[in-house]
Structure formats: C-alpha cells, structure tokens
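Next comes upload-v9.cif, a file with mmCIF, C-alpha atoms and all ligand atoms.
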```cif
data_work
#
loop_
_atom_site.label_atom_id
_atom_site.label_comp_id
_atom_site.auth_asym_id
_atom_site.auth_seq_id
_atom_site.Cartn_x
_atom_site.Cartn_y
_atom_site.Cartn_z
CA MET A 564 21.59 2.96 -9.80
CA THR A 565 23.31 3.35 -6.43
CA ASP A 566 21.56 2.45 -3.21
CA SER A 567 21.32 6.05 -2.09
CA THR A 568 19.95 7.19 -5.45
CA ARG A 569 17.41 4.42 -5.24
CA ARG A 570 16.40 5.50 -1.75
CA GLU A 571 15.97 9.06 -2.96
CA LEU A 572 13.85 7.82 -5.85
CA LEU A 573 11.70 5.65 -3.62
CA ARG A 574 11.28 8.55 -1.27
CA SER A 575 10.33 10.83 -4.13
CA ILE A 576 7.58 8.46 -5.25
CA GLY A 577 6.35 8.26 -1.70
CA LEU A 578 7.45 4.78 -0.73
CA GLY A 579 8.40 4.83 2.89
CA ALA A 580 8.11 8.57 3.04
CA ALA A 581 7.81 8.53 6.79
CA ALA A 582 9.98 5.53 7.58
CA THR A 583 13.12 7.41 6.78
CA ALA A 584 12.22 10.07 9.28
CA ALA A 585 11.91 7.62 12.15
CA GLY A 586 15.13 7.48 14.10
CA GLY A 587 16.38 6.66 17.60
CA PHE A 588 13.51 5.14 19.49
CA GLY A 589 12.95 5.64 23.17
CA ALA A 590 12.99 2.79 25.65
CA TRP A 591 9.94 0.62 25.16
CA THR A 592 8.10 -0.37 28.28
CA VAL A 593 5.88 -3.43 28.42
CA LEU A 594 2.41 -2.07 29.00
CA GLY A 595 0.59 -4.76 27.10
CA GLY A 596 -1.20 -5.04 23.80
CA GLN A 597 -1.75 -1.83 21.94
CA THR A 598 -1.33 0.48 24.90
CA PRO A 599 1.01 3.26 23.90
CA THR A 600 3.78 4.63 26.06
CA ARG A 601 4.45 8.29 26.61
CA ALA A 602 8.18 7.63 26.42
CA ALA A 603 7.79 6.38 22.87
CA ALA A 604 5.71 9.42 21.95
CA ALA A 605 8.35 11.82 23.15
CA ALA A 606 11.08 10.02 21.23
CA ASN A 607 9.51 10.25 17.77
CA PRO A 608 10.01 13.50 15.88
CA PRO A 609 6.95 14.75 13.97
CA VAL A 610 6.59 13.65 10.35
CA ARG A 611 5.29 15.78 7.49
CA ILE A 612 3.85 14.42 4.27
CA ALA A 613 2.51 16.41 1.32
CA LEU A 614 0.09 14.98 -1.22
CA ALA A 615 -1.63 16.60 -4.18
CA ALA A 616 -4.90 15.49 -5.76
CA THR A 617 -5.36 15.69 -9.52
CA ASP A 618 -6.16 13.58 -12.61
CA GLY A 619 -4.10 11.71 -15.18
CA HIS A 620 -3.93 8.43 -17.09
CA MET A 621 -2.78 4.91 -16.28
CA THR A 622 -1.65 2.13 -18.60
CA LEU A 623 -3.60 -1.11 -18.98
CA PRO A 624 -2.91 -3.70 -21.69
CA GLY A 625 -5.27 -3.69 -24.66
CA ARG A 626 -6.69 -0.22 -24.07
CA PRO A 627 -5.92 3.41 -24.75
CA PRO A 628 -4.65 5.25 -21.63
CA VAL A 629 -7.24 5.01 -18.85
CA TYR A 630 -8.39 8.24 -17.20
CA ILE A 631 -7.81 8.36 -13.42
CA PHE A 632 -7.97 10.61 -10.38
CA GLY A 633 -5.25 10.16 -7.78
CA PHE A 634 -2.98 11.41 -5.03
CA ILE A 635 0.69 12.06 -5.75
CA PRO A 636 3.54 12.82 -3.36
CA VAL A 637 4.79 16.39 -3.73
CA PRO A 638 7.49 18.55 -2.08
CA GLN A 639 6.59 20.32 1.16
CA ALA A 640 8.05 23.64 0.18
CA MET A 641 6.21 24.39 -3.07
CA SER A 642 3.45 26.96 -3.29
CA VAL A 643 0.05 26.03 -4.68
CA GLY A 644 0.99 27.79 -7.93
CA GLN A 645 4.24 25.87 -8.26
CA LEU A 646 2.50 22.59 -7.45
CA THR A 647 -0.16 23.29 -10.06
CA ASN A 648 2.43 24.06 -12.74
CA THR A 649 4.47 20.97 -11.92
CA TYR A 650 1.98 18.26 -10.96
CA LYS A 651 -1.47 19.03 -12.33
CA GLY A 652 -2.61 16.17 -14.56
CA LYS A 653 0.06 13.77 -13.25
CA ALA A 654 -1.95 11.55 -10.92
CA GLN A 655 -0.65 8.13 -9.94
CA HIS A 656 -2.46 4.90 -9.12
CA VAL A 657 -2.22 3.63 -6.48
CA SER A 658 -1.49 6.47 -4.10
CA PRO A 659 1.82 6.51 -2.18
CA ILE A 660 2.24 4.01 0.65
CA LEU A 661 2.25 5.91 3.95
CA ASP A 662 4.58 4.30 6.49
CA VAL A 663 4.07 5.80 9.96
CA ARG A 664 5.02 4.87 13.48
CA GLN A 665 2.80 4.53 16.52
CA GLU A 666 2.74 7.66 18.71
CA THR A 667 4.30 9.82 16.00
CA ASP A 668 2.66 13.13 15.20
CA LEU A 669 1.92 13.22 11.51
CA TYR A 670 0.95 16.30 9.52
CA LEU A 671 -0.44 15.47 6.08
CA THR A 672 -1.01 18.43 3.78
CA LEU A 673 -3.38 17.89 0.87
CA THR A 674 -3.42 20.30 -2.07
CA ASN A 675 -6.20 20.08 -4.64
CA LEU A 676 -4.75 20.90 -8.05
CA GLY A 677 -7.96 20.42 -10.03
CA LEU A 678 -8.45 18.29 -13.14
CA VAL A 679 -6.90 18.78 -16.57
CA GLY A 680 -9.28 16.42 -18.39
CA ARG A 681 -12.45 17.68 -16.73
CA PRO A 682 -12.09 21.42 -16.07
CA ASP A 683 -15.88 21.56 -15.74
CA LEU A 684 -15.74 19.24 -12.73
CA THR A 685 -15.00 21.42 -9.71
CA ASP A 686 -14.96 18.59 -7.17
CA SER A 687 -13.17 18.94 -3.85
CA HIS A 688 -11.07 16.11 -2.39
CA THR A 689 -10.30 14.78 1.08
CA VAL A 690 -8.08 12.19 2.76
CA HIS A 691 -9.93 9.58 4.84
CA TRP A 692 -8.01 6.91 6.78
CA HIS A 693 -10.39 3.99 6.55
CA GLY A 694 -10.76 2.02 9.79
CA PHE A 695 -8.57 4.43 11.70
CA ARG A 696 -9.73 5.36 15.18
CA THR A 697 -9.73 9.14 15.10
CA PRO A 698 -11.10 11.21 17.96
CA SER A 699 -12.13 14.14 15.77
CA ALA A 700 -14.34 14.37 12.70
CA LEU A 701 -12.29 17.35 11.54
CA PHE A 702 -9.39 15.20 10.34
CA ASP A 703 -11.46 12.20 9.27
CA GLY A 704 -11.98 13.42 5.72
CA VAL A 705 -15.71 12.82 5.49
CA PRO A 706 -16.85 16.01 3.74
CA GLU A 707 -20.41 15.96 5.11
CA MET A 708 -19.00 15.87 8.66
CA SER A 709 -16.04 18.20 8.36
CA VAL A 710 -14.18 19.91 5.53
CA ALA A 711 -13.18 19.14 1.96
CA VAL A 712 -10.41 20.82 0.00
CA PRO A 713 -11.54 22.91 -3.01
CA ILE A 714 -9.39 23.43 -6.10
CA GLU A 715 -6.20 25.44 -5.47
CA ARG A 716 -6.61 25.16 -1.70
CA GLN A 717 -4.70 23.25 0.97
CA PHE A 718 -5.62 21.55 4.21
CA THR A 719 -3.35 19.88 6.76
CA TYR A 720 -4.59 16.75 8.51
CA PHE A 721 -3.17 15.79 11.90
CA TYR A 722 -2.80 12.21 13.15
CA ARG A 723 -1.21 10.58 16.19
CA PRO A 724 -1.68 6.84 15.60
CA HIS A 725 -2.18 4.77 18.74
CA ASN A 726 -3.07 1.45 17.10
CA PRO A 727 -0.54 -0.38 14.92
CA GLY A 728 -1.61 -2.33 11.86
CA THR A 729 -2.51 -2.01 8.19
CA TYR A 730 -5.11 0.54 7.09
CA MET A 731 -6.08 2.13 3.82
CA TYR A 732 -6.85 5.68 2.82
CA HIS A 733 -9.00 7.19 0.13
CA CYS A 734 -10.73 10.36 -0.94
CA HIS A 735 -14.20 10.60 0.62
CA PHE A 736 -15.62 13.25 -1.72
CA GLU A 737 -18.15 11.69 -4.14
CA ASP A 738 -16.40 8.60 -2.87
CA VAL A 739 -18.02 5.89 -4.99
CA GLU A 740 -16.72 7.74 -8.02
CA HIS A 741 -13.41 9.07 -6.66
CA VAL A 742 -12.39 5.73 -5.09
CA GLN A 743 -13.05 3.85 -8.34
CA MET A 744 -11.20 6.56 -10.24
CA GLY A 745 -8.07 5.74 -8.26
CA MET A 746 -7.82 7.86 -5.10
CA THR A 747 -6.78 4.90 -2.93
CA GLY A 748 -3.67 3.89 -1.02
CA ILE A 749 -2.29 1.92 1.93
CA VAL A 750 -1.26 3.49 5.22
CA PHE A 751 0.27 1.35 7.94
CA VAL A 752 1.32 2.00 11.51
CA ARG A 753 4.45 0.39 12.91
CA PRO A 754 4.17 -0.70 16.56
CA SER A 755 6.08 0.87 19.45
CA GLN A 756 7.67 -2.55 19.93
CA ASP A 757 9.73 -1.92 16.77
CA GLY A 758 13.38 -1.24 17.49
CA ASP A 759 13.52 -3.56 20.49
CA SER A 760 15.94 -6.37 19.69
CA GLY A 761 14.75 -8.60 22.52
CA TRP A 762 11.55 -9.95 21.05
CA ASP A 763 12.56 -11.77 17.88
CA PRO A 764 12.90 -15.51 18.59
CA LEU A 765 15.43 -15.75 15.72
CA HIS A 766 17.36 -12.66 16.96
CA ARG A 767 17.70 -11.06 13.55
CA THR A 768 15.03 -8.40 13.26
CA THR A 769 13.61 -5.53 15.28
CA THR A 770 10.49 -5.15 13.14
CA PHE A 771 7.06 -6.47 14.11
CA ALA A 772 3.55 -6.14 12.76
CA TYR A 773 2.04 -5.55 16.21
CA ASN A 774 2.98 -5.08 19.86
CA ASP A 775 2.79 -8.84 20.30
CA GLU A 776 5.14 -9.06 23.33
CA ASP A 777 6.23 -12.51 22.22
CA GLY A 778 7.84 -11.96 18.83
CA SER A 779 5.12 -13.88 16.99
CA THR A 780 4.67 -11.06 14.44
CA ALA A 781 8.39 -10.55 13.70
CA TYR A 782 9.20 -10.13 10.03
CA ASP A 783 12.33 -9.70 7.92
CA ARG A 784 10.68 -8.05 4.90
CA HIS A 785 7.28 -6.45 4.36
CA PHE A 786 5.17 -5.68 1.34
CA ALA A 787 2.10 -3.45 1.17
CA ILE A 788 -0.29 -4.45 -1.61
CA LEU A 789 -3.61 -2.80 -2.37
CA LEU A 790 -6.29 -4.74 -4.26
CA ASN A 791 -8.55 -2.85 -6.68
CA GLU A 792 -10.71 -3.36 -9.71
CA VAL A 793 -10.69 -0.96 -12.64
CA GLU A 794 -14.13 -0.66 -14.29
CA GLU A 795 -12.69 0.74 -17.49
CA ARG A 796 -16.11 1.89 -18.77
CA GLN A 797 -16.61 4.15 -15.76
CA HIS A 798 -13.21 5.76 -16.36
CA GLU A 799 -14.09 6.24 -20.02
CA ALA A 800 -17.47 7.73 -19.19
CA ASP A 801 -15.90 10.10 -16.67
CA GLU A 802 -13.43 11.35 -19.26
CA GLN A 803 -16.17 11.84 -21.84
CA ILE A 804 -18.58 13.60 -19.48
CA GLN A 805 -21.01 10.69 -19.54
CA GLU A 806 -22.99 9.04 -16.78
CA PHE A 807 -21.92 5.59 -15.63
CA ILE A 808 -24.60 3.42 -14.02
CA PRO A 809 -23.00 1.80 -10.95
CA THR A 810 -25.33 -1.20 -11.04
CA GLU A 811 -23.62 -2.13 -14.32
CA TYR A 812 -20.32 -2.42 -12.46
CA ASP A 813 -18.51 -5.31 -14.13
CA PRO A 814 -14.79 -4.56 -14.26
CA ALA A 815 -12.46 -6.30 -16.70
CA TYR A 816 -9.21 -5.30 -14.95
CA PHE A 817 -8.06 -6.44 -11.50
CA THR A 818 -5.04 -4.76 -10.00
CA LEU A 819 -2.40 -5.11 -7.28
CA ASN A 820 -0.96 -1.69 -6.43
CA GLY A 821 -2.61 -0.30 -9.56
CA ARG A 822 -0.91 -2.80 -11.88
CA VAL A 823 -2.10 -5.96 -13.66
CA TYR A 824 0.15 -8.97 -14.27
CA PRO A 825 2.78 -8.84 -15.76
CA GLN A 826 3.08 -5.14 -14.84
CA THR A 827 2.97 -6.26 -11.20
CA VAL A 828 6.45 -7.83 -11.37
CA LEU A 829 8.15 -4.77 -12.81
CA VAL A 830 10.26 -2.90 -10.27
CA ASN A 831 9.25 0.22 -8.36
CA ALA A 832 9.29 3.37 -10.50
CA ASP A 833 9.62 1.36 -13.71
CA PRO A 834 9.94 3.93 -16.54
CA THR A 835 7.32 2.17 -18.68
CA LEU A 836 4.64 2.83 -16.03
CA PRO A 837 5.07 6.49 -15.05
CA SER A 838 1.68 6.75 -13.32
CA GLN A 839 1.84 3.28 -11.66
CA PRO A 840 5.13 3.54 -9.73
CA ILE A 841 4.45 0.99 -6.99
CA SER A 842 5.48 -2.59 -7.68
CA ALA A 843 3.71 -5.69 -6.35
CA LEU A 844 6.77 -7.93 -6.79
CA ILE A 845 7.73 -9.95 -3.69
CA GLN A 846 11.46 -10.74 -3.61
CA VAL A 847 12.76 -12.81 -0.67
CA ASN A 848 15.71 -14.89 0.43
CA PRO A 849 15.08 -18.47 1.59
CA GLY A 850 13.97 -18.50 5.24
CA ASP A 851 12.85 -14.87 5.24
CA ARG A 852 9.74 -14.14 7.22
CA ALA A 853 7.65 -11.96 4.90
CA LEU A 854 4.78 -9.80 6.07
CA LEU A 855 2.11 -9.01 3.50
CA ARG A 856 0.11 -5.91 4.38
CA LEU A 857 -2.98 -6.35 2.23
CA ALA A 858 -6.03 -4.15 1.80
CA ASN A 859 -8.94 -4.13 -0.63
CA LEU A 860 -10.40 -0.86 -1.91
CA GLY A 861 -12.22 -2.43 -4.82
CA TYR A 862 -15.96 -3.07 -4.64
CA GLN A 863 -15.77 -6.85 -4.80
CA GLN A 864 -14.50 -9.53 -2.44
CA HIS A 865 -11.29 -11.23 -3.48
CA ALA A 866 -9.88 -14.64 -2.62
CA MET A 867 -6.09 -14.74 -2.86
CA GLN A 868 -3.90 -17.83 -2.94
CA LEU A 869 -0.18 -18.54 -2.77
CA PRO A 870 0.14 -22.14 -3.99
CA GLY A 871 3.14 -23.91 -2.46
CA ILE A 872 3.54 -21.62 0.54
CA ALA A 873 1.24 -21.59 3.59
CA MET A 874 -0.01 -18.20 4.76
CA LYS A 875 -0.62 -17.28 8.39
CA VAL A 876 -3.18 -14.55 9.06
CA ILE A 877 -1.94 -12.65 12.12
CA GLY A 878 -3.99 -9.47 11.84
CA GLU A 879 -7.33 -8.35 10.45
CA ASP A 880 -8.51 -4.79 9.99
CA ALA A 881 -5.53 -3.36 11.92
CA THR A 882 -6.12 -5.67 14.87
CA LEU A 883 -3.84 -8.41 16.14
CA ARG A 884 -5.64 -11.76 16.02
CA ARG A 885 -5.69 -12.38 19.75
CA SER A 886 -8.63 -12.67 22.10
CA PRO A 887 -9.10 -10.25 25.02
CA ALA A 888 -7.86 -13.07 27.26
CA GLY A 889 -4.67 -13.28 25.24
CA VAL A 890 -5.47 -16.43 23.26
CA ASP A 891 -3.71 -16.54 19.88
CA THR A 892 -6.43 -16.63 17.18
CA SER A 893 -4.11 -16.38 14.18
CA TYR A 894 -4.73 -19.07 11.59
CA TRP A 895 -3.08 -20.81 8.65
CA THR A 896 -4.80 -20.76 5.30
CA ASN A 897 -4.28 -21.39 1.62
CA THR A 898 -7.08 -19.02 0.61
CA LEU A 899 -7.32 -15.52 1.92
CA TYR A 900 -10.69 -13.78 1.70
CA ILE A 901 -10.63 -9.97 1.68
CA GLY A 902 -13.83 -7.97 1.38
CA PRO A 903 -14.00 -4.34 0.23
CA GLY A 904 -12.62 -2.02 2.89
CA GLU A 905 -10.91 -4.87 4.75
CA ALA A 906 -7.25 -5.37 5.60
CA ARG A 907 -5.16 -8.45 6.42
CA ASP A 908 -1.70 -8.92 7.86
CA VAL A 909 -0.28 -12.19 6.59
CA LEU A 910 3.05 -13.86 7.39
CA PHE A 911 4.77 -16.53 5.37
CA THR A 912 8.22 -18.05 5.60
CA ALA A 913 10.06 -18.32 2.32
CA PRO A 914 10.86 -21.96 1.55
CA PRO A 915 14.41 -23.16 0.78
CA PHE A 916 15.60 -22.62 -2.77
CA ASN A 917 14.73 -25.73 -4.78
CA PRO A 918 17.21 -26.39 -7.63
CA SER A 919 15.06 -29.17 -9.08
CA ALA A 920 12.00 -26.96 -9.44
CA PRO A 921 11.79 -24.61 -12.44
CA THR A 922 14.13 -21.66 -12.01
CA ALA A 923 14.65 -18.31 -13.70
CA THR A 924 17.68 -16.03 -13.74
CA ASP A 925 17.56 -12.24 -13.69
CA GLY A 926 19.84 -9.71 -15.37
CA HIS A 927 22.25 -9.80 -12.42
CA GLY A 928 22.73 -13.55 -12.64
CA ARG A 929 20.55 -14.22 -9.61
CA THR A 930 18.57 -17.45 -9.83
CA TYR A 931 15.18 -17.89 -8.21
CA ASN A 932 12.11 -20.09 -7.83
CA THR A 933 8.78 -18.45 -8.58
CA TYR A 934 5.51 -18.82 -6.66
CA LEU A 935 2.35 -17.03 -7.81
CA PHE A 936 0.36 -14.88 -5.40
CA LYS A 937 -2.91 -14.73 -7.28
CA ASN A 938 -6.64 -14.44 -7.25
CA ARG A 939 -8.45 -17.77 -7.04
CA ASP A 940 -11.02 -16.68 -9.65
CA PHE A 941 -9.69 -17.25 -13.18
CA ARG A 942 -11.91 -14.45 -14.49
CA ARG A 943 -9.80 -12.05 -12.44
CA LEU A 944 -6.57 -13.40 -13.92
CA SER A 945 -7.13 -11.85 -17.33
CA ASN A 946 -6.52 -8.41 -18.76
CA GLY A 947 -9.77 -7.34 -20.33
CA GLY A 948 -10.60 -10.91 -21.33
CA ALA A 949 -7.40 -11.41 -23.34
CA PRO A 950 -5.82 -14.89 -23.29
CA GLY A 951 -2.84 -15.59 -21.03
CA LEU A 952 -2.17 -14.82 -17.38
CA GLY A 953 -3.03 -11.27 -16.36
CA GLY A 954 -4.99 -9.42 -13.72
CA MET A 955 -4.65 -9.86 -9.99
CA ALA A 956 -1.43 -11.86 -9.82
CA THR A 957 2.17 -11.26 -8.85
CA GLU A 958 5.26 -13.34 -8.18
CA VAL A 959 7.05 -14.37 -5.02
CA ARG A 960 10.67 -14.92 -6.05
CA VAL A 961 12.80 -17.00 -3.69
CA TYR A 962 16.48 -16.50 -4.53
CA GLN A 963 19.30 -18.99 -4.47
CA GLY A 964 22.03 -18.16 -1.96
CA SER A 965 20.32 -15.22 -0.17
CA PRO A 966 21.67 -12.41 -2.39
CA LEU A 967 19.12 -9.76 -1.37
CA PRO A 968 20.29 -7.10 1.11
CA ALA A 969 17.94 -5.98 3.89
CA GLN A 970 14.98 -3.80 2.94
CA THR A 971 15.31 -0.10 3.57
CA VAL A 972 11.71 0.67 2.57
CA VAL A 973 8.52 -1.36 2.44
CA GLY A 974 8.03 -3.25 -0.80
CA GLN A 975 11.59 -2.65 -1.92
CA THR A 976 12.45 -4.20 -5.29
CA TYR A 977 15.91 -5.27 -6.42
CA ALA A 978 16.37 -4.58 -10.12
CU CU B 1001 -11.54 13.04 -4.50
#
```
Mind turning the file's structure into structure tokens?
Ligand SMILES: [Cu+2]
Amino acid sequence: MTDSTRRELLRSIGLGAAATAAGGFGAWTVLGGQTPTRAAAAANPPVRIALAATDGHMTLPGRPPVYIFGFIPVPQAMSVGQLTNTYKGKAQHVSPILDVRQETDLYLTLTNLGLVGRPDLTDSHTVHWHGFRTPSALFDGVPEMSVAVPIERQFTYFYRPHNPGTYMYHCHFEDVEHVQMGMTGIVFVRPSQDGDSGWDPLHRTTTFAYNDEDGSTAYDRHFAILLNEVEERQHEADEQIQEFIPTEYDPAYFTLNGRVYPQTVLVNADPTLPSQPISALIQVNPGDRALLRLANLGYQQHAMQLPGIAMKVIGEDATLRRSPAGVDTSYWTNTLYIGPGEARDVLFTAPPFNPSAPTATDGHGRTYNTYLFKNRDFRRLSNGGAPGLGGMATEVRVYQGSPLPAQTVVGQTYA
C-alpha cells in the first residue's frame, strides 16, 4: 500500500480527519497559557466532520459477534437516504478519533441511521464532548438540556475549541446503555503553539500537547487510546430485547480502542477487524518522545503500567499540569490511574534499541524490542477468562536503526 493510499484509508476511517485540513498557521503570539490568539483563529479554515450513528457487531475472542451501537465516519455529501443504504448496521467501536486544532471552527454533522438489530428501539442519539468547556447547552449533546437526533434526521454541532488537550466524546442519549454499547471516542485539541519551530529544545518537532511556552510538552509521535470495558452480557441482552441489571456489571473483556490483546497490535484498518479499525499499537524509533493521549469511558478505574519505561504525566483532564503560579506539577510514575471519564496526557522517551534483550522481526525485516503497556490487574489481562495474555494490553515496539518515517496522522501504524 502506498503512503498516499494509506493516508486516504486512514482518513476514510476517521483517523486524523481534521488534521489533514489544518494548513498554514498564522503567527503565534505569546499570550500565556491557554489564552487563544485572534490571529491563530483567522488562520485556520473551518473543518467539517460527518458521523453516523447506527448498530453493528464487533469481534471478541471466544464469543459470537458482539452487538454494538457506534458512530462511524461518513461522507459529507451523501443524503440521509444514501447514508442509510450504505452505512446502516455498520457501526464501529471505538468511534473515530477527532483531531482538531485550537481556535478552529468545527462543524460536526450527526446522522441517526437507526438500528438494524433492534428496529423496535427508536432511540435518538447525540454527540457530547465530555469535559469540554462549551458556552451553549445547544451543542453539548445532553438531550434533556437541548436536542437529540431522531432516526433519519441530522443535526450539526458547532465547536470552536479554546483549550488544548485530550477529551472524549460519547452519545448522551440513554447514556449508561449507549456508552456501554460502544458510542465512545477520543477527541483532542492541538494547541495554537503547534507549528512554531522555536519551542522544541531538541529542534526537531513543531508539535506540542499544550501551549507550554517552554517546549516541555514537545512530542515526536502521538497515540490516542481509549480504555473501555465490554460487559458482554449487556450487549447480548440488548440484542435479544432483554433487560440487563446494571448492578450486575462485571465485564469479562477490557479493551484499548475497542480491541483486546492481541487484536490491539494489529494495524489500523486490519481486514480481520472490520468494525474495530483503530489500532492500539505503539511503534517508535529509539529516542522518540511519544505522547499518549489516554481516556477512560469504561465504568471502572484502570491502572496502567509500562514496565521498563518511565511515564511522565504532563496533563490531566485536558489541563496542563502547572499551577496558576506557573509551577510545573507534572510527575513521573510507573502506574497510571485513570478513573471513568478521566483523561491523561503522558510522555515517554523511547529507550535505545537493546540487541541483547529479546527481539522480534516484522515482515519488512525490521527488528524491534517490545515493551507491554498493560493493565496492572491480571483479571483485566484475559479475554473472557481464557488462559494466556489478553484484555487491556498493547505493545510498544522500539525499532533498531530508526526505520519509521514521521507520523502523518495520530496513532499511525507501519505494516
Ligand atoms: Cu446513542
């Protein structure tokens, strides 16, 4: 697959949908912290994203296909009728990663296609950016406070993000059910500082997690990974028109970007996982500064570890870890705690390639060391209780000789 074909494919599955639209940035003026500049606002062309809401099935080891609800990226130009004919019943989990830039006007059109498996269920859907500071309830996606989108209708949400960081989005209609059923995704906001070559202390990147004004959040590669649980019995009950009792919530599947290990290390858009197109594989060259944009839309707290590599938490809940007086409150950790609805921005530096440690070689002859990014709880490292490593784990692969080209989209994988 050529690079440009790959980009098209990634774009079509919604990875970096907005990033590709961001172009020539205006001069960035130091105004401090998260204060936006009007110059930056004028320089960013508006971005349009189209999502559809429907149902479908995902693949988990040891089970028949698991019924889900979800958002899928769809073309702007299609009518509701065309969208229904083409996409109804083809939900994905997790939802597309939305990559947007501070001070960019974003129009997000949601079309509700209805459900194939539950035609009796006439639920509406919404898009709610969790933790996002929005001045108007109208675009906040809480149906009791504003509007929801009925079947075969569309609604366009408007956003102008002022605060960089990692957020998450989900449907807010019957949300305990719809969130568990899979209507969850990551949205992140790139800072206005991006594009300015002066801040990186290593002088090799123009990408930052926040408007840090000192280069401390510079990164070479970034990865957006959403943590979820799948309570398979709730999905089964939903498909069979049965009640599920939420106090019996005891999931047996724990996912990163809607995949369990070893699905997590398959590449983006892997053909064996048509409804789970977003990889959780972390591929880096030695010395790369990697930014993990993590969020949890499960219902349980998770503790994540990366044995062998120290993690530095630089942001929490879309806020740079810095006191009002400017004191750096970032911290190093080997265990990262993420509660439901919380987000973390974590930096690590890829260690040198170690030829005396165990190595593996991929189909292109590239050799790498493997580190596991995994849940600390062994019960969450199993697929439905089956023996062997599964669940909430993925690999960080550090390659010999820096063969990986620069990322063009977040979470890019190199087949
Ligand atoms: Cu919904």
task: Please give me, as a list in words, the residues lying within 6 Å of ligand CU 1001 (chain B) when counting only C-alpha atoms and all ligand atoms.
output: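 Checking only C-alpha atoms and all ligand atoms against ligand CU 1001 (chain B) at 6 Å gives His688, Thr689, Cys734, Phe736 and His741 of chain A.
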- request: Tell me, in Å to one decimal, how far atom CA of A:Thr912 is from atom CA of A:Ser945.
  value: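 Atom-to-atom, atom CA of A:Thr912 and atom CA of A:Ser945 are spaced 28.3 Å apart.
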task: Could you give me, as JSON, numbers by chain, the residues within 8 Å of A:Gly902, counting all atoms listed in the file and dropping anything in the same chain fewer than 2 positions from it?
output: {"A": [859, 863, 864, 865, 900, 904, 905]}
- prompt: Using only C-alpha atoms, which residue out of A:Leu829, A:Leu765, A:Met731, A:Ile635 lies closest to A:Ala781?
  reply: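 The shortest atom-to-atom distance to A:Ala781 comes from A:Leu765.
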Contacts of A:Thr649 at 12 Å (all atoms listed in the file; same-chain gap of 6+ positions) as an NGL selection string: :A and (615 or 617 or 635-638 or 641-643 or 676)
- request: Choose the residue, out of A:Gly680, A:Gly871, A:Pro764, A:Gly974, that has the smallest atom-to-atom separation from A:Lys651; count all atoms listed in the file.
  value: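 Checking each of A:Gly680, A:Gly871, A:Pro764, A:Gly974 against A:Lys651, counting all atoms listed in the file, the winner is A:Gly680.
Closest approach to A:Arg664 from the set A:Asn774, A:Gln645, A:Gln717, A:Thr898 is made by A:Asn774, with distances taken over only C-alpha atoms.
Across A:Pro814, A:Pro706, A:Gly953, A:Pro887, the tightest approach to A:Gln826 is made by A:Gly953 when counting all atoms listed in the file.
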field: Computed interatomic separation between atom CA of A:Phe632 and atom CA of A:Leu671 (Å)
entry: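 One can read the atom CA of A:Phe632 to atom CA of A:Leu671 distance as 18.7 Å.
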query: Got a sec: who's within 6 Å of A:Leu789, counting all atoms listed in the file, leaving out chain neighbours fewer than 5 positions off, as a list of chain:residue names?
result: A:Leu819, A:Asn820, A:Leu857, A:Ala858, A:Asn859
Could you save those same residues with C-alpha atoms as a PDB file, keeping the file's coordinate frame?
```pdb
ATOM      1  CA  LEU A 819      -2.400  -5.110  -7.280  1.00  0.00           C
ATOM      2  CA  ASN A 820      -0.960  -1.690  -6.430  1.00  0.00           C
ATOM      3  CA  LEU A 857      -2.980  -6.350   2.230  1.00  0.00           C
ATOM      4  CA  ALA A 858      -6.030  -4.150   1.800  1.00  0.00           C
ATOM      5  CA  ASN A 859      -8.940  -4.130  -0.630  1.00  0.00           C
TER       6      ASN A 859
END
```
- prompt: How many Å lie between atom CA of A:Leu844 and atom CA of A:Leu869, rounded to one decimal?
  reply: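 Computing it gives 13.3 Å between the two atoms.
Proximity ranking of A:Gln743, A:Thr976, A:Asn946, A:Ser779 relative to A:Arg626 places A:Asn946 first, based on only C-alpha atoms.
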message: Please determine, counting only C-alpha atoms, which residue among A:Val793, A:Ala978, A:Asp880, A:Asp703 has the shortest atom-to-atom distance to A:Val830.
response: A:Ala978
- prompt: Hey, what's within 6 Å of A:Leu854 if we count only C-alpha atoms and toss same-chain stuff fewer than 4 positions away? As a VMD selection string, please?
  reply: chain A and resid 782 785 909 to 910
message: Just want the 12 Å neighbourhood of A:Thr729, counted on all atoms listed in the file, with same-chain residues fewer than 3 positions away dropped. Output as a PyMOL selection string.
response: chain A and resi 660-665+692-695+724+726+732+748-754+772-773+785-789+854-859+877-883+904-909
